[in-house]
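> Pasting a structure here, questions to come.
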Amino acid sequence: MARGSSGIVAGLTAAAVAVVCFLAYQASANAPESVAAPSAGASAAPPSTTPEPPKGPLAVPSDSGTGARVVYALKDRRVWIVDGREKSLRTFTVMPSSVDPLPGVYQVTSRSGSIKGSDGVLIEHVVRFADVDDVSIGFSAAQDGSMRAPDPSMKTGGVRMKRVDGNAMWTFATVGAKVVVVP
């Protein structure tokens with residue numbers, strides 16, 4: 001009787017293997033091309049180590065360096081506050097001054113809590129980082145919340161932002177913090 005049962009077990013095992021092979025064939029025949037095995041003669045592309053995340057329009061500019069920093073994109077009129085892990089903590093639009101800094105790496109040199117701007121507007125959370133032709137360049141927020149375009153006939157250096165963005169800038173950009181200006 002033991003001899004007959006081993007024959008049955010062997011037959012059942014063979015049948016199970018055949019079914020698994022058939023199901024595997026069915027699955028590979030119906031797999032999408034993105035996961036199907038390459039056909040004979042075709043070479044498979046090497047697997048990617050880490051896929052690059054898609055860059056959205058609000059992504060931190062790739063040419064802005066690394067580490068904790070404030071990134072100011074002149075053309076986009078946008079600022080990013082980036083932490084040391086390369087995570088954008090905040091991004092927002094700004095109104096540029098009439099005098100722009102050159103692209104490059106700067107450091108916050110001074111700050112003022114509340115003063116009158118070179119255009120006569122009361123401003124707060126002033127974070128200065130550059131000087132161009134005797135004009136101090138810095139981020140600030142108008143106390144009245146305005147973000148008017150500067151008078152082009154005046155040399156002004158205030159890069160204006162909304163008050164809530166100015167609060168975030170003030171908290172992050174202490175003296176010595178890195179500011180990267182990109183085109």
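Just remember, in the structure tokens the first chain shown is A, the second B, etc., residues are 1-based per chain, and ligands are 1-based in the order shown.
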Give me the residues within 12 Å of Thr171 of chain A as an MDAnalysis selection string, counting only C-alpha atoms and dropping any in the same chain fewer than 4 places off.
chainID A and resid 70 81 89 111 113 125:127 164:167 175 177
> Next, write the just-selected residues to a file, as a short mmCIF file (atom, residue, chain, number, x, y, z; two decimals), in the first residue's frame, keeping N, CA and C atoms as the atom set.

data_model
loop_
_atom_site.label_atom_id
_atom_site.label_comp_id
_atom_site.auth_asym_id
_atom_site.auth_seq_id
_atom_site.Cartn_x
_atom_site.Cartn_y
_atom_site.Cartn_z
N VAL A 70 18.71 79.61 1.17
CA VAL A 70 17.62 80.34 0.54
C VAL A 70 18.00 80.43 -0.93
N ILE A 81 12.96 78.16 0.43
CA ILE A 81 13.69 77.96 1.68
C ILE A 81 13.93 76.46 1.76
N LEU A 89 11.19 73.71 2.29
CA LEU A 89 10.27 73.98 3.38
C LEU A 89 9.17 74.94 2.95
N ARG A 111 20.37 91.94 9.50
CA ARG A 111 18.90 91.85 9.56
C ARG A 111 18.36 93.04 10.34
N GLY A 113 14.52 94.26 12.14
CA GLY A 113 13.14 93.85 12.42
C GLY A 113 12.11 94.71 11.73
N HIS A 125 11.13 92.44 8.85
CA HIS A 125 11.87 91.21 8.59
C HIS A 125 12.83 91.35 7.42
N VAL A 126 13.67 92.34 7.51
CA VAL A 126 14.65 92.63 6.47
C VAL A 126 15.84 91.69 6.64
N VAL A 127 16.18 90.96 5.58
CA VAL A 127 17.29 90.01 5.58
C VAL A 127 18.21 90.42 4.42
N VAL A 164 3.50 86.79 5.51
CA VAL A 164 3.63 85.42 6.03
C VAL A 164 4.93 84.79 5.52
N ASP A 165 5.30 85.10 4.27
CA ASP A 165 6.57 84.59 3.73
C ASP A 165 7.75 85.29 4.39
N GLY A 166 7.59 86.58 4.69
CA GLY A 166 8.62 87.32 5.41
C GLY A 166 8.87 86.73 6.79
N ASN A 167 7.81 86.29 7.46
CA ASN A 167 7.96 85.64 8.77
C ASN A 167 8.79 84.37 8.65
N VAL A 175 21.82 85.57 10.39
CA VAL A 175 23.11 86.07 9.89
C VAL A 175 24.03 84.86 9.64
N ALA A 177 23.51 82.70 7.13
CA ALA A 177 22.79 81.71 6.32
C ALA A 177 23.14 81.90 4.85
#
> Give me, please, the distance in Å between atom CA of Ile123 of chain A and atom CA of Ala68 of chain A, quoted to one decimal.
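So the two atoms, atom CA of Ile123 of chain A and atom CA of Ala68 of chain A, lie 25.4 Å apart.
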> Choose the residue, out of A:Ala130, A:Val71, A:Val79, A:Ile137, that has the smallest atom-to-atom separation from Val94 of chain A; count only C-alpha atoms.
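Smallest distance to Val94 of chain A is found for A:Val79.
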> Find the residues near Pro183 of chain A: any atom within 10 Å, counting only C-alpha atoms, skip ones fewer than 4 places away on the same chain, and give them as a ChimeraX atom specification.
/A:61,63,72-77,101-104
> One decimal, Å: what's the distance from atom CA of Asp119 of chain A over to atom CA of Val180 of chain A, could you say?
24.7 Å
> Within 7 Å of Gly176 of chain A, counting only C-alpha atoms, which residues show up once you throw out same-chain ones fewer than 2 positions away? Write them as a list of chain:residue names, please.
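Neighbouring residues, sequence-local ones excluded: A:Gln107, A:Val108, A:Thr109, A:Thr174, A:Lys178.
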> Keeping only C-alpha atoms, take the residues you just selected and write them out as a PDB file, in the first residue's frame.

ATOM      1  CA  GLN A 107      25.529  84.958   3.044  1.00  0.00           C
ATOM      2  CA  VAL A 108      23.054  86.892   5.130  1.00  0.00           C
ATOM      3  CA  THR A 109      25.085  89.859   6.408  1.00  0.00           C
ATOM      4  CA  THR A 174      19.786  84.241  10.312  1.00  0.00           C
ATOM      5  CA  LYS A 178      23.523  80.829   2.695  1.00  0.00           C
TER       6      LYS A 178
END
> Take atom CA of Met154 of chain A and atom CA of Ser114 of chain A and report the distance between them in Å, one decimal.
21.1 Å
> Hey, what's within 9 Å of Ser97 of chain A if we count only C-alpha atoms and toss same-chain stuff fewer than 2 positions away? As a ChimeraX atom specification, please?
/A:95,99-100,137-138,149-152,155-160
> Could the residues in this selection be written to a file with all heavy atoms, as a short mmCIF file (atom, residue, chain, number, x, y, z; two decimals), in the first residue's frame?

data_model
loop_
_atom_site.label_atom_id
_atom_site.label_comp_id
_atom_site.auth_asym_id
_atom_site.auth_seq_id
_atom_site.Cartn_x
_atom_site.Cartn_y
_atom_site.Cartn_z
N MET A 95 8.45 90.15 -5.40
CA MET A 95 8.55 91.29 -6.32
C MET A 95 9.99 91.76 -6.24
O MET A 95 10.44 92.23 -5.20
CB MET A 95 7.60 92.41 -5.89
CG MET A 95 7.72 93.65 -6.76
SD MET A 95 7.45 93.38 -8.53
CE MET A 95 5.72 92.93 -8.55
N VAL A 99 17.22 96.93 -8.50
CA VAL A 99 18.62 96.50 -8.65
C VAL A 99 18.70 95.03 -8.26
O VAL A 99 18.30 94.66 -7.16
CB VAL A 99 19.55 97.34 -7.74
CG1 VAL A 99 20.99 96.85 -7.86
CG2 VAL A 99 19.45 98.82 -8.09
N ASP A 100 19.18 94.20 -9.19
CA ASP A 100 19.29 92.75 -8.93
C ASP A 100 20.72 92.37 -8.55
O ASP A 100 21.68 92.91 -9.10
CB ASP A 100 18.92 91.95 -10.19
CG ASP A 100 17.44 91.92 -10.46
OD1 ASP A 100 16.65 92.01 -9.49
OD2 ASP A 100 17.07 91.81 -11.65
N ILE A 137 20.98 94.79 -0.99
CA ILE A 137 19.95 93.88 -1.52
C ILE A 137 19.51 92.98 -0.38
O ILE A 137 20.34 92.40 0.33
CB ILE A 137 20.50 93.01 -2.67
CG1 ILE A 137 21.19 93.85 -3.75
CG2 ILE A 137 19.40 92.13 -3.24
CD1 ILE A 137 20.29 94.77 -4.51
N GLY A 138 18.20 92.87 -0.21
CA GLY A 138 17.69 92.00 0.84
C GLY A 138 16.22 91.70 0.66
O GLY A 138 15.51 92.35 -0.12
N ALA A 149 5.40 96.92 -7.69
CA ALA A 149 6.64 96.97 -8.47
C ALA A 149 7.39 98.24 -8.09
O ALA A 149 6.79 99.29 -7.87
CB ALA A 149 6.33 96.96 -9.96
N PRO A 150 8.72 98.16 -7.99
CA PRO A 150 9.50 99.35 -7.61
C PRO A 150 9.52 100.39 -8.72
O PRO A 150 9.37 100.06 -9.90
CB PRO A 150 10.89 98.77 -7.35
CG PRO A 150 10.96 97.55 -8.19
CD PRO A 150 9.56 97.00 -8.22
N ASP A 151 9.72 101.61 -8.34
CA ASP A 151 9.88 102.70 -9.30
C ASP A 151 11.20 102.46 -10.03
O ASP A 151 12.27 102.46 -9.41
CB ASP A 151 9.90 104.04 -8.55
CG ASP A 151 10.08 105.24 -9.47
OD1 ASP A 151 10.45 105.06 -10.65
OD2 ASP A 151 9.86 106.36 -8.99
N PRO A 152 11.16 102.26 -11.35
CA PRO A 152 12.41 101.94 -12.08
C PRO A 152 13.42 103.08 -12.08
O PRO A 152 14.59 102.86 -12.34
CB PRO A 152 11.94 101.61 -13.50
CG PRO A 152 10.56 102.17 -13.61
CD PRO A 152 10.00 102.27 -12.23
N LYS A 155 16.94 103.51 -7.36
CA LYS A 155 17.78 102.34 -7.10
C LYS A 155 17.35 101.75 -5.75
O LYS A 155 17.68 102.31 -4.70
CB LYS A 155 19.25 102.70 -7.07
CG LYS A 155 19.83 102.99 -8.42
CD LYS A 155 21.33 103.16 -8.30
CE LYS A 155 21.96 103.20 -9.66
NZ LYS A 155 23.41 103.18 -9.57
N THR A 156 16.58 100.66 -5.81
CA THR A 156 16.12 100.01 -4.59
C THR A 156 16.61 98.57 -4.56
O THR A 156 16.81 97.95 -5.59
CB THR A 156 14.58 100.02 -4.49
OG1 THR A 156 14.04 99.32 -5.61
CG2 THR A 156 14.03 101.45 -4.48
N GLY A 157 16.78 98.05 -3.36
CA GLY A 157 17.31 96.69 -3.22
C GLY A 157 16.38 95.75 -2.50
O GLY A 157 16.75 94.62 -2.20
N GLY A 158 15.16 96.19 -2.19
CA GLY A 158 14.24 95.34 -1.44
C GLY A 158 13.50 94.34 -2.31
O GLY A 158 12.74 94.72 -3.19
N VAL A 159 13.74 93.06 -2.07
CA VAL A 159 12.99 91.99 -2.74
C VAL A 159 11.78 91.71 -1.85
O VAL A 159 11.92 91.15 -0.76
CB VAL A 159 13.86 90.72 -2.91
CG1 VAL A 159 13.08 89.62 -3.60
CG2 VAL A 159 15.15 91.05 -3.66
N ARG A 160 10.61 92.15 -2.29
CA ARG A 160 9.43 92.12 -1.44
C ARG A 160 8.68 90.80 -1.53
O ARG A 160 8.60 90.17 -2.58
CB ARG A 160 8.47 93.27 -1.81
CG ARG A 160 9.05 94.63 -1.56
CD ARG A 160 9.11 94.96 -0.07
NE ARG A 160 9.98 96.06 0.23
CZ ARG A 160 9.70 97.33 0.07
NH1 ARG A 160 8.53 97.68 -0.40
NH2 ARG A 160 10.59 98.25 0.39
#
